[in-house]
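Asker: First the structure, which I've put down as structure tokens, then a few questions once you've had a look.
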Amino acid sequence: MVKQKAPYNRTLDISPQEQNRYEDRFIKLSKKVKLKEVINKTINQDLFDALEYLPEQSIDLLFVDPPYNLSKNFNGSKFGKTSIDEYCEYIDSWLCKIIPLLKETSSIYICGDYHSSTSIHLVAKKYFNVLNRITWQREKGRGAKENWKNSTEDIWFCSMSKNYNFYVDRVKEKRKVLAPYKLDGKPKDWEETEDGNFRLTHPSNIWTDLTIPYWSMPENTDHPTQKPEKLLAKIILASSNEGDVIFDPFLGSGTTSVVAKKLNRNYIGVELNPIYCCLAEKRLEIAAKDKTIQGYEDGVFWERNTLALRKKIANKKD
């Protein structure tokens, strides 16, 4: 029997009929290929096999969300927690094979948590310029009785060389003004509107405006570590241009490919699990018709819950 969803549960799933249809879109590589043969494709294959055949110096932006140094089950694929040194070896085993695929101007973002971050930093500095560590707040998660609740994750921002792209004006955040200071009767560095007072702020390396996908959000899937589309939008807008190629070697349910498509970039994704590949293809199909990104509107990123509140106020006025 098929389990019935709650009325407002919008979590995406895959029917057997959809699985058959989406699997026809996957590719597997068995020889060296040109960029045009893999661009905007989902590669359903072991990463180490796929990396042997991808074109060199073709990637503008690398986003990596590998299994963290935790014991985790990814739809049957189990990953066990190891030591810091062993996790360094794991990262290095695939990262060294990705290096030849990157352009000299490439930017690199590698995700981790407090278990993983030490290893990521140690390996990343072997190959890249380590530019920053972004820490973002995960508002989900149960409390801990014997430790502080873990509610943050890290993203290591790196570059291949000193010649890299970063477009700060594309990723400014719109925040509510709590203390509306005026100079000569006029707002100073903020905007007064009918919906409230707002200020555009430069982004920092602390991100508190993200919402982890959950059951009532249309981007949600059953992937256990799915990243928000808004998170990928920040990275893609800051570090790439339209038409650039974004590569995700641990694609999961496809967030990187989906956001790249919505923002008019090209993508290549590698994922071993066929169900996650199907979810990626289904989301890409939806993205062809709906390019909205939760929390991103009018060319700016809105503070968490601010955009919804503004729309609620506007609807009341109508």
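Here's how to read the names in the structure tokens: chain A, B, ... by the order shown, residue numbers from 1 in each chain, ligand numbers from 1 in the order shown.
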Just the residues within 9 Å of Tyr267 of chain A, please, counting only C-alpha atoms, with nothing from its chain fewer than 5 positions along; format it as a compact mmCIF listing (two decimals) with C-alpha atoms, in the first residue's frame.
Answerer:
# COMPACT_ATOMS: atom_id res chain seq x y z
CA VAL A 38 28.15 15.87 -20.26
CA ILE A 39 26.94 19.44 -19.81
CA ASN A 40 23.54 19.67 -18.10
CA LYS A 41 23.56 15.94 -17.42
CA THR A 42 23.10 13.76 -14.36
CA ASP A 244 29.38 29.03 -16.46
CA VAL A 245 29.67 25.34 -15.59
CA ILE A 246 28.91 24.24 -12.01
CA PHE A 247 30.11 20.79 -10.92
CA ASP A 248 28.75 18.79 -7.98
CA THR A 256 23.06 22.26 -7.21
CA SER A 257 21.83 21.35 -10.69
CA VAL A 258 18.37 22.77 -10.01
CA ALA A 260 22.18 26.34 -11.60
CA LYS A 261 19.34 25.85 -14.07
Asker: Enumerate as number ranges by chain all residues of segment 49-247 of chain A assigned to strand (DSSP E or B) by DSSP on the backbone, naming them with the chain letters and numbers the document uses.
Answerer: A: 59-64, 72-74, 77-79, 102-112, 129-137, 152-159, 173-176, 182-183, 186-187, 191-193, 196-201, 206-207, 245-247
Asker: For segment 297-307 of chain A, work out the shell of residues within 8 Å, counting only C-alpha atoms and skipping chain neighbours fewer than 4 positions away, then give it as number ranges by chain.
Answerer: A: 170-176, 208-211, 292-293, 311
Asker: Write the residues of the selection above to a file with C-alpha atoms, as an mmCIF file, in the first residue's frame.
Answerer:
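Done, and the output landed in selection-v9.cif:
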data_model
loop_
_atom_site.group_PDB
_atom_site.id
_atom_site.type_symbol
_atom_site.label_atom_id
_atom_site.label_comp_id
_atom_site.auth_asym_id
_atom_site.auth_seq_id
_atom_site.Cartn_x
_atom_site.Cartn_y
_atom_site.Cartn_z
ATOM 1 C CA ARG A 170 24.559 39.974 -6.186
ATOM 2 C CA VAL A 171 24.328 38.492 -2.700
ATOM 3 C CA LYS A 172 23.335 41.351 -0.455
ATOM 4 C CA GLU A 173 20.774 40.587 2.220
ATOM 5 C CA LYS A 174 17.640 42.607 2.925
ATOM 6 C CA ARG A 175 17.036 42.963 6.652
ATOM 7 C CA LYS A 176 14.453 44.671 8.803
ATOM 8 C CA THR A 208 21.419 32.866 9.655
ATOM 9 C CA ASP A 209 18.791 33.374 6.946
ATOM 10 C CA LEU A 210 18.495 29.797 5.652
ATOM 11 C CA THR A 211 15.638 27.379 6.153
ATOM 12 C CA THR A 292 11.510 30.793 -7.924
ATOM 13 C CA ILE A 293 13.951 30.317 -5.045
ATOM 14 C CA LYS A 311 3.855 39.592 1.486
#
Asker: Kindly indicate which residue among A:Asn129, A:Ser240, A:Thr105, A:Gln137 lies nearest to Asn266 of chain A, using only C-alpha atoms for the distances.
Answerer: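 Closest to Asn266 of chain A of all the choices is A:Ser240.
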Asker: Under the rule of at most 10 Å, produce a per-residue listing of segment 154-240 of chain A near segment 46-66 of chain A: chain, number, name, the closest pair of atoms, and the distance in Å, as CSV, using only C-alpha atoms.
Answerer:
residue,atom,partner,partner_atom,distance
A:Ile155,CA,A:Asp65,CA,8.9
A:Trp156,CA,A:Val64,CA,9.7
A:Phe157,CA,A:Phe63,CA,9.6
A:Cys158,CA,A:Leu62,CA,9.7
A:Ser159,CA,A:Leu61,CA,9.3
A:Tyr164,CA,A:Asp60,CA,9.5
A:Asn165,CA,A:Asp60,CA,9.5
A:Thr225,CA,A:Asp65,CA,9.0
A:Gln226,CA,A:Asp65,CA,9.4
A:Lys227,CA,A:Asp65,CA,8.7
A:Leu232,CA,A:Phe63,CA,8.6
A:Ile235,CA,A:Phe63,CA,8.6
A:Ile236,CA,A:Leu61,CA,7.7
A:Ser239,CA,A:Leu61,CA,7.0
A:Ser240,CA,A:Leu61,CA,6.6
Asker: Keeping only C-alpha atoms, write those residues as a PDB file, in the first residue's frame.
Answerer:
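Writing done, so here's selection_1.pdb:
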ATOM      1  CA  ILE A 155      31.431  25.715   4.054  1.00  0.00           C
ATOM      2  CA  TRP A 156      35.078  26.244   3.128  1.00  0.00           C
ATOM      3  CA  PHE A 157      35.460  28.870   0.384  1.00  0.00           C
ATOM      4  CA  CYS A 158      38.604  28.426  -1.722  1.00  0.00           C
ATOM      5  CA  SER A 159      40.033  29.377  -5.104  1.00  0.00           C
ATOM      6  CA  TYR A 164      38.791  34.347  -9.047  1.00  0.00           C
ATOM      7  CA  ASN A 165      35.295  35.851  -9.268  1.00  0.00           C
ATOM      8  CA  THR A 225      21.222  15.968   4.126  1.00  0.00           C
ATOM      9  CA  GLN A 226      19.540  18.085   1.448  1.00  0.00           C
ATOM     10  CA  LYS A 227      20.872  21.649   1.230  1.00  0.00           C
ATOM     11  CA  LEU A 232      23.254  27.264  -3.423  1.00  0.00           C
ATOM     12  CA  ILE A 235      27.197  30.577  -3.781  1.00  0.00           C
ATOM     13  CA  ILE A 236      26.343  30.399  -7.469  1.00  0.00           C
ATOM     14  CA  SER A 239      31.092  33.023  -7.683  1.00  0.00           C
ATOM     15  CA  SER A 240      29.890  32.429 -11.238  1.00  0.00           C
TER      16      SER A 240
END
Asker: Any idea what's packed within 12 Å of segment 122-126 of chain A, counting only C-alpha atoms, ignoring anything in its chain fewer than 4 positions away? Could you give it as a PyMOL selection string?
Answerer: chain A and resi 64+84-96+99+108-111+116-118+130-133+155-161
Asker: How far is it from atom CA of Ile286 of chain A to atom CA of Pro67 of chain A, in Å with one decimal?
Answerer: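 So the two atoms, atom CA of Ile286 of chain A and atom CA of Pro67 of chain A, lie 26.6 Å apart.
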Asker: For the atom pair atom CA of Ile275 of chain A and atom CA of Lys32 of chain A, what is the interatomic distance in Å to one decimal place?
Answerer: 25.8 Å
Asker: Assign secondary structure with DSSP using the backbone only, and return the residues of segment 52-100 of chain A in helix (DSSP H, G or I) as number ranges by chain.
Answerer: A: 84-100
